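Visitor: Below is the structure I would like to discuss, written out as C-alpha cells.
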Amino acid sequence: MIAIVSDNASESVSARSTSRSGLVLAISAYAIWGVFPAYFLTLRPAGAFEVVGWRVLFALVFCAIILTVTRTWRRLGVVARRPRSLLTMGVAGILIFVNWSVYLYGVLSGHVVESALGYFINPIVTVFLGVVVLHERLRKLQWAAVGISVVAVIVIAVGYGAVPWIALVLAASFGLYGLVKKRVGANVDAVSGLTLETAWVSPLAIVALVYIANTSGLVFGTAGALNTLAIAGAGVMTAVPLLLFAAAASRLPLSHIGFIQYMTPILQFVYGVFILHEPMPPERLAGFALVWLALAFLSYDAVSAGRRSRRLTMEPAP
C-alpha cells in the first residue's frame, strides 16, 4: 500500500515537473517570436527580401549543425525517402517563405501593428480552414468568432481606406502552414521538418540574393560587423523558437499552448503602438477590439469544450 502511494506521488511530481518545464519552454518560444520586430529592425538598411534570403540560408546551415551535433542525419534521410512527406515539406517551405517575406516587409516598412493583427487573426483563420478543408463542424461560439472577425477586417479596411493585406496574408499563410504540418503530424520531427522546408526554398533565396546583388547591391557584409552578425543570427533566431515550441508541445496540452500563443501578437502590438508610436485611430482600435472579442469567444468555447470532454472521460461506462 505504501509503495503504491509512493509511486502515485512520484508520478504526480513528475507530471507537475514536465508541465512546468513545458510552460517555460512555450513562454520562451512565444516571447522570442514576440520580440522579432525589435530584432529585425536592427537589420536595416537591409531590405525585407535580402533578410528573408539570408534567413533561409542561415537557418539551413544552423539545422545542419544541429543534425551533425545530435547525429540525426539518418532520421532526416528516412523522412527524405518518403515522397509524400518530402513533397509536403516542400509545400510547407513555400508557405513559410511567403509568411517570412510578408512579415519582414511589414516590420521593415513600419507596419508592425498590422503584422500583429495577422497573428491575432490566425487562430480564427485556423478554425475557418478546418471547416473549408477538413469539413469540420463549428459550434455556435466558433461561428460567432469567425463572423465577428470578418466584421473587424471590414471595419479596419474602411478606416484604412485599404484592405489590411499584410495581416490577411500572414494569417492565411501561417494558417495553411499549420494545416500542412498537421497533415504530416509526428512523422516529421521539428529539426528534420525545418531542414527540409529551408532546403526546398533555398533556391528561391539564392535567386533573390543574386538579383539584389546585381541591382541595388547586398547590405550583408557592408554595414558593419554588428549588422553582419545580426543578419547571420537570423537563422538561429528562426530555428531556436521552433525547437522550443516542439519541446513544449510534447509536454503541454494543446489548450494551454493555445492561450500562450496570444503572447506573441500582444508583445508585437505593444511594441508597435508604444515604442514605435504607430498610429492607432479610433476605427483601427475598434477593429482590434472586435478581433479581441472574437478571440475571447473562441477561447471560452475551447475551455468549455475541454471541460465537457473531461467530464465525459471521467464518467463510468454503463
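Ligands are numbered from 1 in the order shown, residues from 1 within each chain, and chains are lettered A, B, ... in the order they appear in the C-alpha cells.
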Enumerate, in order of chain and increasing residue number, the residues of range 264-298 of chain A with an atom no farther than 6 Å from range 104-116 of chain A, each with its shortest atom pair and distance in Å to one decimal, counting only C-alpha atoms, as JSON lines.

Guide:
```
{"residue": "A:Pro265", "atom": "CA", "partner": "A:Ala116", "partner_atom": "CA", "distance": 4.7}
{"residue": "A:Gln268", "atom": "CA", "partner": "A:Ala116", "partner_atom": "CA", "distance": 5.7}
{"residue": "A:Phe269", "atom": "CA", "partner": "A:Val113", "partner_atom": "CA", "distance": 5.2}
{"residue": "A:Gly272", "atom": "CA", "partner": "A:Val113", "partner_atom": "CA", "distance": 5.3}
```

Visitor: I want to know what sits within 10 Å of Val52 in chain A, based on only C-alpha atoms, with residues of the same chain fewer than 3 positions away left out; could you give that as a ChimeraX atom specification?

Guide: /A:46-49,55-58,97-105,205,208-209,231,234-235

Visitor: Convert the current residue selection to file output with C-alpha atoms, as an mmCIF file, in the first residue's frame.

Guide:
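After the write, part-v3.cif holds the following:
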```cif
data_model
loop_
_atom_site.group_PDB
_atom_site.id
_atom_site.type_symbol
_atom_site.label_atom_id
_atom_site.label_comp_id
_atom_site.auth_asym_id
_atom_site.auth_seq_id
_atom_site.Cartn_x
_atom_site.Cartn_y
_atom_site.Cartn_z
ATOM 1 C CA ALA A 46 18.941 45.514 -45.424
ATOM 2 C CA GLY A 47 15.569 45.153 -47.133
ATOM 3 C CA ALA A 48 12.928 42.523 -46.450
ATOM 4 C CA PHE A 49 13.807 40.229 -49.364
ATOM 5 C CA ARG A 55 17.300 33.935 -43.015
ATOM 6 C CA VAL A 56 16.528 30.857 -45.114
ATOM 7 C CA LEU A 57 20.173 30.039 -45.861
ATOM 8 C CA PHE A 58 21.479 30.583 -42.331
ATOM 9 C CA PHE A 97 8.739 31.578 -47.255
ATOM 10 C CA VAL A 98 5.698 33.701 -48.183
ATOM 11 C CA ASN A 99 4.941 34.261 -44.488
ATOM 12 C CA TRP A 100 8.503 35.337 -43.662
ATOM 13 C CA SER A 101 8.704 37.643 -46.706
ATOM 14 C CA VAL A 102 5.434 39.426 -45.955
ATOM 15 C CA TYR A 103 6.202 39.629 -42.235
ATOM 16 C CA LEU A 104 9.624 41.170 -42.825
ATOM 17 C CA TYR A 105 8.146 43.569 -45.352
ATOM 18 C CA ALA A 205 16.532 32.581 -51.516
ATOM 19 C CA ALA A 208 16.542 36.667 -54.623
ATOM 20 C CA LEU A 209 20.013 37.405 -53.239
ATOM 21 C CA ILE A 231 21.745 39.085 -40.227
ATOM 22 C CA ALA A 234 18.517 35.471 -38.104
ATOM 23 C CA GLY A 235 18.936 31.784 -38.893
#
```

Visitor: So which one's closest to Asp301 in chain A, A:Val51, A:Leu129, A:Ala145, A:Met89? Using only C-alpha atoms, please.

Guide: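 Checking each of A:Val51, A:Leu129, A:Ala145, A:Met89 against Asp301 in chain A, counting only C-alpha atoms, the winner is A:Ala145.
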
Visitor: Check the smallest atom-to-atom distance from each of A:Val184, A:Ala162, A:Met237, A:Val131 to Phe36 in chain A using only C-alpha atoms, then report the winner.

Guide: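 Distance minimum relative to Phe36 in chain A lands on A:Met237.
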
Visitor: Counting only C-alpha atoms, which of A:Ala286, A:Val132, A:Ala144, A:Leu295 gets nearest to Gln261 in chain A?

Guide: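 Checking each candidate against Gln261 in chain A, we get A:Leu295 as the closest.
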
Visitor: Could you name the residues that touch Cys63 in chain A at 9 Å or less, counting only C-alpha atoms, but leaving out those on the same chain fewer than 4 positions away, as a ChimeraX atom specification?

Guide: /A:58-59,67-68,191-192,194-195,235-236,239
